[in-house]
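**Student:** Let me give you the structure first, and then I'll get to my questions.
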Amino acid sequence: MIVATQELLLYSVVISCLILSLVSFFKGDNKKVSIPFAVMSFSTAFWALTTFYEEEAIDFSYKLILVKFDFTLAVLISYFFYSFSNNFTNIHKKIFVRWFINILTPIILILSPFSSLIISNINEKLNNEISIIFGFLYPLYLLVLIINFSMGIYYLVIDYVKSTGLRKLQLKYITIGLAITSIITITTNLILPSIFELSSFVPRIGIYSIIIFLAASVISITKHELFNIKVIATEIFVGVLLVVILGRAITSINLSDIIFEVTLLALTGFFGYFLIRSVRDEVSRREEVEKLAGEKIEALNQLEQRTKNLSTLQKISDIVLNESEMRTMTQKILDEIPKQLDGCVGAFLSIVKGKNLAAYSFSQNPVSQKIFSLVGEDLSKYSDPITPKYNLLHDAIIEKNPRDSDSLADFISPPISKPVAKTLQTILNAKHIEALPLYAGGEAFGVLMFVFTEDKDQVHLKNFEISRAIAGDMSLAIQRAQAFQKLKDANEYLAQLDKMKDEFISMASHELNTPLAAIEGYLSMILDEGMGKVDDKSREYLNRAYASSKRLADLILDLLNVSRIEQGRLKMRFAQANIYDMAESVVHELQIKADAKKLALKIDADKAKLPLIWCDPDRIREVFVNLTGNAIKFTEKGSITISIKQDGEKLICSVADTGRGIALEDQKKLFQKFSQVKREVDEHQGTGLGLYISKNFVELHNGTLSVKSAEGKGATFTFELPILKEAPKQVSGAMLEQSVTSPTIQVGDKPESALPNIQSETISKGEVTTAKVV
């Protein structure tokens, strides 16, 4: 009874293996996968038969043949299991192992059945049991068998870990089934009998363990579509039905029964054909839908990854735009990299300095202090001449190509010792490192190293494109920072030169002002005939000399004012004044020049409606002089009008002329120092300081100065002043002298600046303060 049950179980296993073999061979889409699986299943069926009947055989020589074929089929199964796993997972690693398997397995297959090198002989014991005498090559046989099974299981496990979705489910069951069956079979059929000489029932456990492999395969087929079960089931159903009807037709005796069975056979074949075809069409449509769904998911995943990459690059671009100092900017980028790249634990930047490659900075992370304790906080000491084969960082610079390795020591040893490098790799849990050179104008000027906690395949799958894009952004960022630093240094140098120039002008102006004042004073005394009568010819020459000295004095005054303004040493004295009186005194002073050119010079204002304001009368009057003098100078015919009006809490003063006007491109530089409007024919040459000084005088009163003009349509210069109810206590950019509170300043016809001055400048009295108008 027990034997009958074992035989029934045996044949169930054999038939199942044969069916699985046929299904795999005829229905497998990938022949590199389906053929090894079919051969493995087919060999398993015959291995089960030989293993079972080697115990039942009576003839001694026949029993020895069955044992040898039993061992031969075991190797054949292991080899095609390895081949199936290798092709199914598409993992082609460990070339040495592959050569070992592909060379030794055929040798074992030849030697096992036809020589005594592996199975030397067998001894028969009681109860028809046997003991196997192994040849001297049996250890090699056992090694090949174990390596084949081990590598096959290894490939399936690796692929299972990396896979997702349906493929992971397929691999889950078939890997577990094959692993358990292989372990049980090797243990019960090879290890235990050879070591402990156990009874014949133990090897048969290996036969029945195939049921585990079959169950796993059935689950993979039925639940997770390892093969197309729907089409297969339909074909088997139709085929069995046709065989049954055909058998009935053959065994029928009556003609009517034969005709009926043949007709039924034809109809079954006809409708069975269309049934199989419809099932195939349905499956094809479903596979197409699944394919489209898979492509959609893949496209969405790619879109998500690209969106993430763009977001990462945007964050790095924001850092580049918002930071200009190189160390701060690069540190922020390095700190951002691990946050944005999957599996990246940090990044390390080295910069080329001269002929050396110097460590610059690396990402700050929770283990930074441990790293500093090993390598020190001063990274600049790790600077070495760029040398071939020194380390992979140097190679990346020299070869201008990315370099990668699974060992951190390959990149930083030397200068850091290998034991320290290995400790750092353990701290960082680093599994893969890449170094990307940074370029500028085709030359590498640095290298960016990424440290990942995942293997190379995962890194390239997730971060291949983005890491290179980040390296490109880092290159541009460093170039920008270096250019900014050079520009900053140049600006500081120019500012220093400008300061030296201002100091020189101030000193020279002071030194020139004293003798020039004396010359102007003595010429004035001679012209007033204080030293005797002057004839007409001499007076003409003396007038020219006096006019020239006056122009030179004005130039020196302008230079002094510019120097004082830029150094914040301009002295201001506020007083209550009527701005109409200032304009009127300017008109009286410049009327002669206007009359000489037959120009109308007038004031458009109502003195009674204009309030008294607190200002520095001398500075505001000089603004009127500069604007009105320029209007007369550049107007050939027509008029010059000085307008003053109140607008709320401010006074609006303007000087309008009917002259040649100013082009728009020239207006942008009017108020710059030493700026002049270029003209083809222009006899009116000046220093280009008048408008610059006027603008600064107005702004020191918290006012504004602007121009509105068009070529050929005259020009209007307008300045606005706030109506202050009291003198300010502070003025930003100037030194404030004690204000005059009473009586109200009345501006005379001739300004103080126009009077001859034969004394050197004296320090004004009063308290001097600097700050902002309040």
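Quick note on naming: the chains in the structure tokens go A, B, ... in the order shown, residues restart at 1 in each chain, and ligands are numbered from 1 in order of appearance.
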Hey, what does DSSP flag as strand (DSSP E) within range 538-610 of chain A? Can you give it to me as a PyMOL selection string?
**Tutor:** chain A and resi 571-572+575-577+600-604
**Student:** With C-alpha atoms retained, export the selected residues as a PDB file, in the first residue's frame.
**Tutor:**
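File written: part17.pdb
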```
ATOM      1  CA  LYS A 571      30.366 122.664   5.941  1.00  0.00           C
ATOM      2  CA  MET A 572      26.734 123.768   5.996  1.00  0.00           C
ATOM      3  CA  ALA A 575      19.353 129.889   8.222  1.00  0.00           C
ATOM      4  CA  GLN A 576      15.832 131.099   7.567  1.00  0.00           C
ATOM      5  CA  ALA A 577      15.712 132.705   4.119  1.00  0.00           C
ATOM      6  CA  ALA A 600      15.354 137.841 -21.559  1.00  0.00           C
ATOM      7  CA  LEU A 601      16.113 136.795 -17.939  1.00  0.00           C
ATOM      8  CA  LYS A 602      13.101 136.860 -15.612  1.00  0.00           C
ATOM      9  CA  ILE A 603      11.545 135.404 -12.467  1.00  0.00           C
ATOM     10  CA  ASP A 604       8.101 133.826 -12.459  1.00  0.00           C
TER      11      ASP A 604
END
```
**Student:** Sorted by chain and rising residue number, list the residues of range 604-656 of chain A at most 10 Å from range 721-730 of chain A (counting only C-alpha atoms), each with its closest atom pair and distance in Å to one decimal, as a Markdown table.
**Tutor:**
```
| residue | atom | partner | partner_atom | distance |
| --- | --- | --- | --- | --- |
| A:Pro611 | CA | A:Ile723 | CA | 8.1 |
| A:Leu612 | CA | A:Ile723 | CA | 8.1 |
| A:Ile613 | CA | A:Ile723 | CA | 5.5 |
| A:Trp614 | CA | A:Leu724 | CA | 5.4 |
| A:Cys615 | CA | A:Ala727 | CA | 7.6 |
| A:Asp616 | CA | A:Ala727 | CA | 9.7 |
| A:Ile620 | CA | A:Leu721 | CA | 9.7 |
| A:Gln646 | CA | A:Ile723 | CA | 9.0 |
| A:Asp647 | CA | A:Pro722 | CA | 9.7 |
| A:Gly648 | CA | A:Ile723 | CA | 8.7 |
| A:Glu649 | CA | A:Ile723 | CA | 5.5 |
| A:Lys650 | CA | A:Pro722 | CA | 4.2 |
| A:Leu651 | CA | A:Leu721 | CA | 5.3 |
| A:Ile652 | CA | A:Leu721 | CA | 6.7 |
| A:Cys653 | CA | A:Leu721 | CA | 8.2 |
```
**Student:** Those same residues, written as a short mmCIF file (atom, residue, chain, number, x, y, z; two decimals), in the first residue's frame with N, CA, C and O atoms?
**Tutor:**
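What landed in part24.cif:
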```
data_model
loop_
_atom_site.label_atom_id
_atom_site.label_comp_id
_atom_site.auth_asym_id
_atom_site.auth_seq_id
_atom_site.Cartn_x
_atom_site.Cartn_y
_atom_site.Cartn_z
N PRO A 611 6.83 130.93 1.33
CA PRO A 611 7.18 130.94 2.75
C PRO A 611 8.70 131.01 2.94
O PRO A 611 9.48 130.72 2.04
N LEU A 612 9.09 131.41 4.13
CA LEU A 612 10.49 131.34 4.52
C LEU A 612 10.82 129.87 4.79
O LEU A 612 10.02 129.13 5.34
N ILE A 613 12.00 129.48 4.39
CA ILE A 613 12.42 128.09 4.63
C ILE A 613 13.79 128.08 5.29
O ILE A 613 14.56 129.05 5.17
N TRP A 614 14.05 126.97 5.99
CA TRP A 614 15.38 126.75 6.56
C TRP A 614 16.24 126.03 5.52
O TRP A 614 15.89 124.98 5.03
N CYS A 615 17.37 126.65 5.18
CA CYS A 615 18.30 126.07 4.20
C CYS A 615 19.66 126.71 4.40
O CYS A 615 19.82 127.62 5.22
N ASP A 616 20.63 126.23 3.64
CA ASP A 616 21.95 126.89 3.58
C ASP A 616 21.88 127.86 2.40
O ASP A 616 21.97 127.44 1.24
N ILE A 620 22.21 126.94 -1.80
CA ILE A 620 21.05 127.02 -2.70
C ILE A 620 21.25 128.11 -3.74
O ILE A 620 20.90 127.94 -4.92
N GLN A 646 5.07 126.92 -4.48
CA GLN A 646 4.91 126.00 -3.36
C GLN A 646 3.95 124.88 -3.74
O GLN A 646 2.92 125.11 -4.36
N ASP A 647 4.32 123.66 -3.38
CA ASP A 647 3.47 122.48 -3.63
C ASP A 647 3.41 121.67 -2.34
O ASP A 647 4.24 120.81 -2.08
N GLY A 648 2.43 121.99 -1.52
CA GLY A 648 2.29 121.30 -0.24
C GLY A 648 3.42 121.67 0.70
O GLY A 648 3.66 122.85 0.99
N GLU A 649 4.19 120.64 1.12
CA GLU A 649 5.27 120.85 2.07
C GLU A 649 6.63 120.95 1.37
O GLU A 649 7.66 120.67 1.98
N LYS A 650 6.61 121.38 0.12
CA LYS A 650 7.88 121.54 -0.59
C LYS A 650 7.81 122.70 -1.58
O LYS A 650 6.72 123.12 -2.01
N LEU A 651 8.98 123.27 -1.88
CA LEU A 651 9.12 124.33 -2.89
C LEU A 651 9.69 123.71 -4.16
O LEU A 651 10.63 122.92 -4.10
N ILE A 652 9.09 124.10 -5.29
CA ILE A 652 9.57 123.61 -6.58
C ILE A 652 10.17 124.77 -7.33
O ILE A 652 9.49 125.77 -7.65
N CYS A 653 11.47 124.70 -7.61
CA CYS A 653 12.21 125.73 -8.32
C CYS A 653 12.69 125.17 -9.65
O CYS A 653 13.20 124.05 -9.70
#
```
**Student:** Between CA of Asp318 in chain A and CA of Leu438 in chain A, what is the distance, to one decimal in Å?
**Tutor:** 19.7 Å
**Student:** Between CA of Ile466 in chain A and CA of Lys308 in chain A, what is the spacing in Å?
**Tutor:**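 So the two atoms, CA of Lys308 in chain A and CA of Ile466 in chain A, lie 9.4 Å apart.
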**Student:** Leaving out Thr89 in chain A and any residue of its chain fewer than 2 positions from it, which residues lie within 9 Å of it when counting only C-alpha atoms, given as an NGL selection string?
**Tutor:** :A and (84-87 or 91-92 or 155-156 or 158-160)
**Student:** Hey, can you check how far CA of Trp47 in chain A sits from CA of Met151 in chain A?
**Tutor:**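 These atoms are spaced 21.1 Å apart.
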**Student:** Taking the DSSP assignment computed from this structure's backbone, write out as number ranges by chain all residues of range 341-463 of chain A that belong to helix (DSSP H, G or I).
**Tutor:** A: 368-375, 379-381, 392-399, 409-412, 418-428, 456-463
**Student:** For range 623-637 of chain A, list every protein, DNA or RNA residue within 9 Å, evaluated using only C-alpha atoms, and leave out those in the same chain fewer than 4 positions away; present the list as a compact mmCIF listing (two decimals) with N, CA, C and O atoms, in the first residue's frame.
**Tutor:**
```txt
# COMPACT_ATOMS: atom_id res chain seq x y z
N MET A 582 17.07 134.95 -3.17
CA MET A 582 18.25 134.29 -3.76
C MET A 582 18.17 134.34 -5.28
O MET A 582 19.14 134.67 -5.97
N ALA A 583 17.00 133.96 -5.83
CA ALA A 583 16.84 133.98 -7.28
C ALA A 583 17.01 135.39 -7.84
O ALA A 583 17.62 135.59 -8.90
N VAL A 586 20.63 136.38 -8.05
CA VAL A 586 21.29 135.70 -9.18
C VAL A 586 20.96 136.43 -10.49
O VAL A 586 21.81 136.59 -11.36
N VAL A 587 19.70 136.83 -10.65
CA VAL A 587 19.30 137.57 -11.86
C VAL A 587 20.10 138.86 -11.98
O VAL A 587 20.60 139.22 -13.06
N GLU A 589 23.03 139.47 -10.74
CA GLU A 589 24.44 139.17 -11.01
C GLU A 589 24.66 138.77 -12.47
O GLU A 589 25.66 139.16 -13.08
N LEU A 590 23.73 138.01 -13.06
CA LEU A 590 23.93 137.47 -14.40
C LEU A 590 23.22 138.26 -15.49
O LEU A 590 23.23 137.87 -16.66
N LYS A 593 25.40 139.29 -18.50
CA LYS A 593 25.68 138.22 -19.47
C LYS A 593 24.46 137.95 -20.36
O LYS A 593 24.59 137.70 -21.55
N ALA A 594 23.27 138.01 -19.77
CA ALA A 594 22.06 137.78 -20.56
C ALA A 594 21.85 138.90 -21.56
O ALA A 594 21.48 138.66 -22.73
N LYS A 597 23.84 138.71 -24.76
CA LYS A 597 23.34 137.78 -25.77
C LYS A 597 21.90 138.10 -26.17
O LYS A 597 21.27 137.32 -26.88
N LYS A 598 21.42 139.25 -25.67
CA LYS A 598 20.05 139.70 -25.97
C LYS A 598 19.01 138.64 -25.57
O LYS A 598 18.09 138.30 -26.31
N LEU A 599 19.21 138.10 -24.36
CA LEU A 599 18.29 137.11 -23.82
C LEU A 599 17.47 137.72 -22.70
O LEU A 599 17.99 138.51 -21.89
N ALA A 600 16.21 137.37 -22.64
CA ALA A 600 15.35 137.84 -21.56
C ALA A 600 15.57 136.94 -20.35
O ALA A 600 15.48 135.72 -20.44
N LEU A 601 15.89 137.53 -19.18
CA LEU A 601 16.11 136.79 -17.94
C LEU A 601 15.10 137.29 -16.92
O LEU A 601 15.10 138.47 -16.55
N ASP A 618 23.86 129.99 1.00
CA ASP A 618 24.97 130.03 0.05
C ASP A 618 24.93 128.85 -0.92
O ASP A 618 25.19 129.00 -2.12
N ARG A 619 24.59 127.65 -0.41
CA ARG A 619 24.57 126.46 -1.27
C ARG A 619 23.41 126.51 -2.26
O ARG A 619 23.57 126.17 -3.44
N THR A 641 13.79 131.57 -17.82
CA THR A 641 12.78 131.87 -16.81
C THR A 641 13.06 131.06 -15.56
O THR A 641 13.18 129.83 -15.62
N ILE A 642 13.15 131.77 -14.41
CA ILE A 642 13.30 131.12 -13.11
C ILE A 642 11.92 131.08 -12.46
O ILE A 642 11.33 132.15 -12.20
N SER A 654 12.55 125.97 -10.70
CA SER A 654 12.98 125.49 -12.02
C SER A 654 13.60 126.62 -12.80
O SER A 654 13.26 127.80 -12.62
N VAL A 655 14.54 126.25 -13.67
CA VAL A 655 15.19 127.18 -14.59
C VAL A 655 14.97 126.64 -15.99
O VAL A 655 15.49 125.57 -16.33
N ALA A 656 14.15 127.35 -16.79
CA ALA A 656 13.80 126.90 -18.15
C ALA A 656 14.40 127.83 -19.18
O ALA A 656 14.39 129.06 -19.00
N ASP A 657 14.93 127.26 -20.27
CA ASP A 657 15.51 128.08 -21.34
C ASP A 657 14.93 127.65 -22.68
O ASP A 657 14.23 126.63 -22.78
N THR A 658 15.24 128.42 -23.70
CA THR A 658 14.77 128.12 -25.07
C THR A 658 15.97 127.77 -25.96
O THR A 658 15.97 128.07 -27.15
N GLY A 659 16.98 127.13 -25.35
CA GLY A 659 18.22 126.83 -26.06
C GLY A 659 18.14 125.58 -26.92
O GLY A 659 17.07 125.11 -27.29
N ARG A 660 19.29 125.02 -27.17
CA ARG A 660 19.42 123.90 -28.11
C ARG A 660 18.90 122.57 -27.57
O ARG A 660 18.73 121.63 -28.31
N GLY A 661 18.73 122.48 -26.26
CA GLY A 661 18.22 121.24 -25.67
C GLY A 661 19.31 120.19 -25.48
O GLY A 661 20.46 120.37 -25.89
N HIS A 684 31.61 126.59 -25.59
CA HIS A 684 31.36 126.70 -24.15
C HIS A 684 31.92 125.47 -23.44
O HIS A 684 31.25 124.46 -23.30
N GLY A 690 29.67 121.55 -12.31
CA GLY A 690 28.59 122.40 -11.81
C GLY A 690 27.33 121.65 -11.44
O GLY A 690 26.78 121.80 -10.34
N LEU A 691 26.82 120.82 -12.37
CA LEU A 691 25.59 120.08 -12.11
C LEU A 691 25.80 119.00 -11.05
O LEU A 691 24.90 118.72 -10.25
N ILE A 693 27.87 119.18 -8.49
CA ILE A 693 27.87 119.89 -7.20
C ILE A 693 26.45 120.33 -6.84
O ILE A 693 26.01 120.17 -5.69
N SER A 694 25.71 120.86 -7.81
CA SER A 694 24.34 121.33 -7.55
C SER A 694 23.45 120.19 -7.06
O SER A 694 22.67 120.36 -6.11
N LYS A 695 23.57 119.05 -7.71
CA LYS A 695 22.75 117.89 -7.30
C LYS A 695 23.06 117.50 -5.86
O LYS A 695 22.15 117.21 -5.07
N PHE A 697 24.32 119.44 -3.48
CA PHE A 697 23.82 120.48 -2.57
C PHE A 697 22.33 120.29 -2.30
O PHE A 697 21.87 120.40 -1.16
N VAL A 698 21.57 120.01 -3.36
CA VAL A 698 20.13 119.82 -3.21
C VAL A 698 19.83 118.57 -2.38
O VAL A 698 18.98 118.58 -1.49
N GLY A 714 14.91 123.35 -26.03
CA GLY A 714 15.28 123.90 -24.74
C GLY A 714 15.36 122.85 -23.65
O GLY A 714 15.20 121.66 -23.89
N ALA A 715 15.63 123.35 -22.43
CA ALA A 715 15.77 122.44 -21.29
C ALA A 715 15.20 123.10 -20.04
O ALA A 715 15.21 124.32 -19.90
N THR A 716 14.67 122.26 -19.14
CA THR A 716 14.15 122.74 -17.86
C THR A 716 14.76 121.91 -16.74
O THR A 716 14.57 120.70 -16.69
N PHE A 717 15.53 122.60 -15.87
CA PHE A 717 16.10 121.95 -14.70
C PHE A 717 15.25 122.31 -13.49
O PHE A 717 14.98 123.49 -13.24
```
**Student:** Identify, on the basis of only C-alpha atoms, every residue whose closest approach to Asn561 in chain A does not exceed 12 Å; exclude the query and any residue fewer than 4 positions from it along the same chain; express the result as an mmCIF file with N, CA, C and O atoms, in the first residue's frame.
**Tutor:**
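Listing of out.cif after writing:
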```cif
data_model
loop_
_atom_site.group_PDB
_atom_site.id
_atom_site.type_symbol
_atom_site.label_atom_id
_atom_site.label_comp_id
_atom_site.auth_asym_id
_atom_site.auth_seq_id
_atom_site.Cartn_x
_atom_site.Cartn_y
_atom_site.Cartn_z
ATOM 1 N N ASP A 502 41.145 112.156 -4.668
ATOM 2 C CA ASP A 502 40.379 113.202 -3.977
ATOM 3 C C ASP A 502 41.238 113.913 -2.942
ATOM 4 O O ASP A 502 41.170 115.143 -2.789
ATOM 5 N N ILE A 505 43.554 116.214 -4.830
ATOM 6 C CA ILE A 505 42.856 117.407 -5.326
ATOM 7 C C ILE A 505 42.580 118.374 -4.184
ATOM 8 O O ILE A 505 42.749 119.603 -4.321
ATOM 9 N N SER A 506 42.141 117.814 -3.033
ATOM 10 C CA SER A 506 41.852 118.672 -1.884
ATOM 11 C C SER A 506 43.103 119.403 -1.424
ATOM 12 O O SER A 506 43.079 120.624 -1.188
ATOM 13 N N SER A 509 44.201 121.942 -4.150
ATOM 14 C CA SER A 509 43.292 123.097 -4.211
ATOM 15 C C SER A 509 43.559 124.064 -3.063
ATOM 16 O O SER A 509 43.561 125.292 -3.248
ATOM 17 N N HIS A 510 43.776 123.521 -1.882
ATOM 18 C CA HIS A 510 44.097 124.379 -0.736
ATOM 19 C C HIS A 510 45.382 125.158 -0.977
ATOM 20 O O HIS A 510 45.467 126.365 -0.682
ATOM 21 N N ASP A 554 37.156 129.954 -9.444
ATOM 22 C CA ASP A 554 35.903 129.182 -9.458
ATOM 23 C C ASP A 554 36.175 127.681 -9.640
ATOM 24 O O ASP A 554 35.509 126.835 -9.019
ATOM 25 N N LEU A 555 37.153 127.392 -10.529
ATOM 26 C CA LEU A 555 37.505 125.990 -10.737
ATOM 27 C C LEU A 555 38.033 125.363 -9.446
ATOM 28 O O LEU A 555 37.644 124.249 -9.070
ATOM 29 N N ILE A 556 38.911 126.084 -8.774
ATOM 30 C CA ILE A 556 39.457 125.563 -7.512
ATOM 31 C C ILE A 556 38.350 125.390 -6.491
ATOM 32 O O ILE A 556 38.316 124.392 -5.751
ATOM 33 N N LEU A 557 37.414 126.334 -6.459
ATOM 34 C CA LEU A 557 36.290 126.225 -5.527
ATOM 35 C C LEU A 557 35.446 124.978 -5.835
ATOM 36 O O LEU A 557 35.028 124.257 -4.916
ATOM 37 N N ILE A 565 32.532 117.230 -0.531
ATOM 38 C CA ILE A 565 31.288 116.432 -0.625
ATOM 39 C C ILE A 565 31.602 114.949 -0.507
ATOM 40 O O ILE A 565 30.964 114.210 0.249
ATOM 41 N N GLU A 566 32.604 114.473 -1.252
ATOM 42 C CA GLU A 566 32.902 113.044 -1.288
ATOM 43 C C GLU A 566 33.551 112.555 -0.005
ATOM 44 O O GLU A 566 33.457 111.378 0.330
ATOM 45 N N GLN A 567 34.207 113.442 0.728
ATOM 46 C CA GLN A 567 34.808 113.050 1.997
ATOM 47 C C GLN A 567 33.903 113.354 3.177
ATOM 48 O O GLN A 567 34.270 113.069 4.325
ATOM 49 N N GLY A 568 32.709 113.925 2.915
ATOM 50 C CA GLY A 568 31.776 114.243 3.994
ATOM 51 C C GLY A 568 32.243 115.403 4.860
ATOM 52 O O GLY A 568 31.860 115.501 6.033
ATOM 53 N N ARG A 569 33.083 116.287 4.289
ATOM 54 C CA ARG A 569 33.625 117.405 5.079
ATOM 55 C C ARG A 569 33.046 118.755 4.665
ATOM 56 O O ARG A 569 33.548 119.816 5.070
ATOM 57 N N LEU A 570 32.005 118.735 3.842
ATOM 58 C CA LEU A 570 31.394 120.000 3.412
ATOM 59 C C LEU A 570 30.691 120.661 4.612
ATOM 60 O O LEU A 570 29.923 120.009 5.328
ATOM 61 N N LYS A 571 30.958 121.940 4.822
ATOM 62 C CA LYS A 571 30.366 122.664 5.941
ATOM 63 C C LYS A 571 29.066 123.326 5.498
ATOM 64 O O LYS A 571 28.998 123.927 4.425
ATOM 65 N N MET A 572 28.040 123.188 6.303
ATOM 66 C CA MET A 572 26.734 123.768 5.996
ATOM 67 C C MET A 572 26.240 124.568 7.190
ATOM 68 O O MET A 572 26.391 124.137 8.345
ATOM 69 N N ARG A 619 24.589 127.647 -0.410
ATOM 70 C CA ARG A 619 24.570 126.455 -1.269
ATOM 71 C C ARG A 619 23.406 126.514 -2.259
ATOM 72 O O ARG A 619 23.570 126.171 -3.437
ATOM 73 N N GLU A 622 24.114 129.024 -4.949
ATOM 74 C CA GLU A 622 25.062 128.489 -5.928
ATOM 75 C C GLU A 622 24.362 127.559 -6.916
ATOM 76 O O GLU A 622 24.731 127.505 -8.085
ATOM 77 N N LYS A 673 30.153 113.287 -12.244
ATOM 78 C CA LYS A 673 31.348 114.114 -12.053
ATOM 79 C C LYS A 673 32.150 114.192 -13.353
ATOM 80 O O LYS A 673 32.337 113.194 -14.035
ATOM 81 N N LEU A 689 31.578 119.998 -13.534
ATOM 82 C CA LEU A 689 31.357 119.784 -12.111
ATOM 83 C C LEU A 689 30.137 120.530 -11.576
ATOM 84 O O LEU A 689 29.634 120.199 -10.498
ATOM 85 N N GLY A 690 29.666 121.551 -12.305
ATOM 86 C CA GLY A 690 28.594 122.403 -11.806
ATOM 87 C C GLY A 690 27.332 121.648 -11.442
ATOM 88 O O GLY A 690 26.782 121.805 -10.338
ATOM 89 N N TYR A 692 27.002 118.387 -11.042
ATOM 90 C CA TYR A 692 27.299 117.375 -10.010
ATOM 91 C C TYR A 692 27.249 118.001 -8.618
ATOM 92 O O TYR A 692 26.655 117.447 -7.686
ATOM 93 N N ILE A 693 27.870 119.184 -8.487
ATOM 94 C CA ILE A 693 27.869 119.892 -7.199
ATOM 95 C C ILE A 693 26.453 120.329 -6.838
ATOM 96 O O ILE A 693 26.009 120.169 -5.688
ATOM 97 N N SER A 694 25.711 120.862 -7.814
ATOM 98 C CA SER A 694 24.343 121.330 -7.549
ATOM 99 C C SER A 694 23.454 120.193 -7.059
ATOM 100 O O SER A 694 22.674 120.357 -6.109
ATOM 101 N N ASN A 696 24.338 117.478 -5.503
ATOM 102 C CA ASN A 696 24.714 117.108 -4.137
ATOM 103 C C ASN A 696 24.246 118.148 -3.123
ATOM 104 O O ASN A 696 23.806 117.784 -2.026
ATOM 105 N N PHE A 697 24.321 119.445 -3.481
ATOM 106 C CA PHE A 697 23.823 120.481 -2.570
ATOM 107 C C PHE A 697 22.335 120.293 -2.299
ATOM 108 O O PHE A 697 21.868 120.404 -1.160
ATOM 109 N N ALA A 734 27.616 115.685 5.625
ATOM 110 C CA ALA A 734 28.176 117.035 5.719
ATOM 111 C C ALA A 734 28.406 117.377 7.180
ATOM 112 O O ALA A 734 27.934 116.688 8.083
#
```
**Student:** Would you mind telling me which residue in A:Ile478, A:Leu512, A:Leu542, A:Ile122 lies nearest to Thr328 in chain A when using only C-alpha atoms?
**Tutor:**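 Of A:Ile478, A:Leu512, A:Leu542, A:Ile122, the one nearest Thr328 in chain A is A:Ile478, counting only C-alpha atoms.
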**Student:** Counting only C-alpha atoms, which residue out of A:Ala293, A:Leu610, A:Met474, A:Ile101 sits closest to Ile337 in chain A?
**Tutor:** A:Met474
**Student:** Show me, as number ranges by chain, the residues that have an atom within 12 Å of Ala347 in chain A when counting only C-alpha atoms, minus same-chain residues fewer than 2 positions from it.
**Tutor:** A: 330-341, 343-345, 349-350, 359-365, 368, 428, 430, 433-436, 447-452, 467, 470-471, 474
**Student:** Using only C-alpha atoms, determine which residues lie at most 10 Å from Ala545 in chain A, disregarding the query and same-chain residues fewer than 4 positions distant; provide the list as a compact mmCIF listing (two decimals) with N, CA and C atoms, in the first residue's frame.
**Tutor:**
```txt
# COMPACT_ATOMS: atom_id res chain seq x y z
N ILE A 519 46.69 137.00 -5.75
CA ILE A 519 46.76 137.57 -7.10
C ILE A 519 45.48 138.32 -7.44
N GLU A 520 44.35 137.68 -7.15
CA GLU A 520 43.05 138.28 -7.47
C GLU A 520 42.85 139.57 -6.67
N LEU A 523 45.17 142.38 -8.13
CA LEU A 523 44.64 142.85 -9.41
C LEU A 523 43.43 143.74 -9.19
N ARG A 539 44.52 148.65 -18.47
CA ARG A 539 43.28 148.20 -17.85
C ARG A 539 42.70 147.01 -18.61
N GLU A 540 42.79 147.04 -19.96
CA GLU A 540 42.27 145.94 -20.75
C GLU A 540 43.01 144.64 -20.41
N TYR A 541 44.33 144.71 -20.32
CA TYR A 541 45.11 143.52 -20.00
C TYR A 541 44.85 143.05 -18.58
N SER A 549 41.92 134.84 -13.58
CA SER A 549 42.14 134.43 -12.19
C SER A 549 40.81 134.08 -11.53
N LYS A 550 39.74 134.83 -11.90
CA LYS A 550 38.42 134.53 -11.34
C LYS A 550 37.94 133.15 -11.79
N ARG A 551 38.13 132.83 -13.10
CA ARG A 551 37.73 131.50 -13.58
C ARG A 551 38.52 130.40 -12.88
```
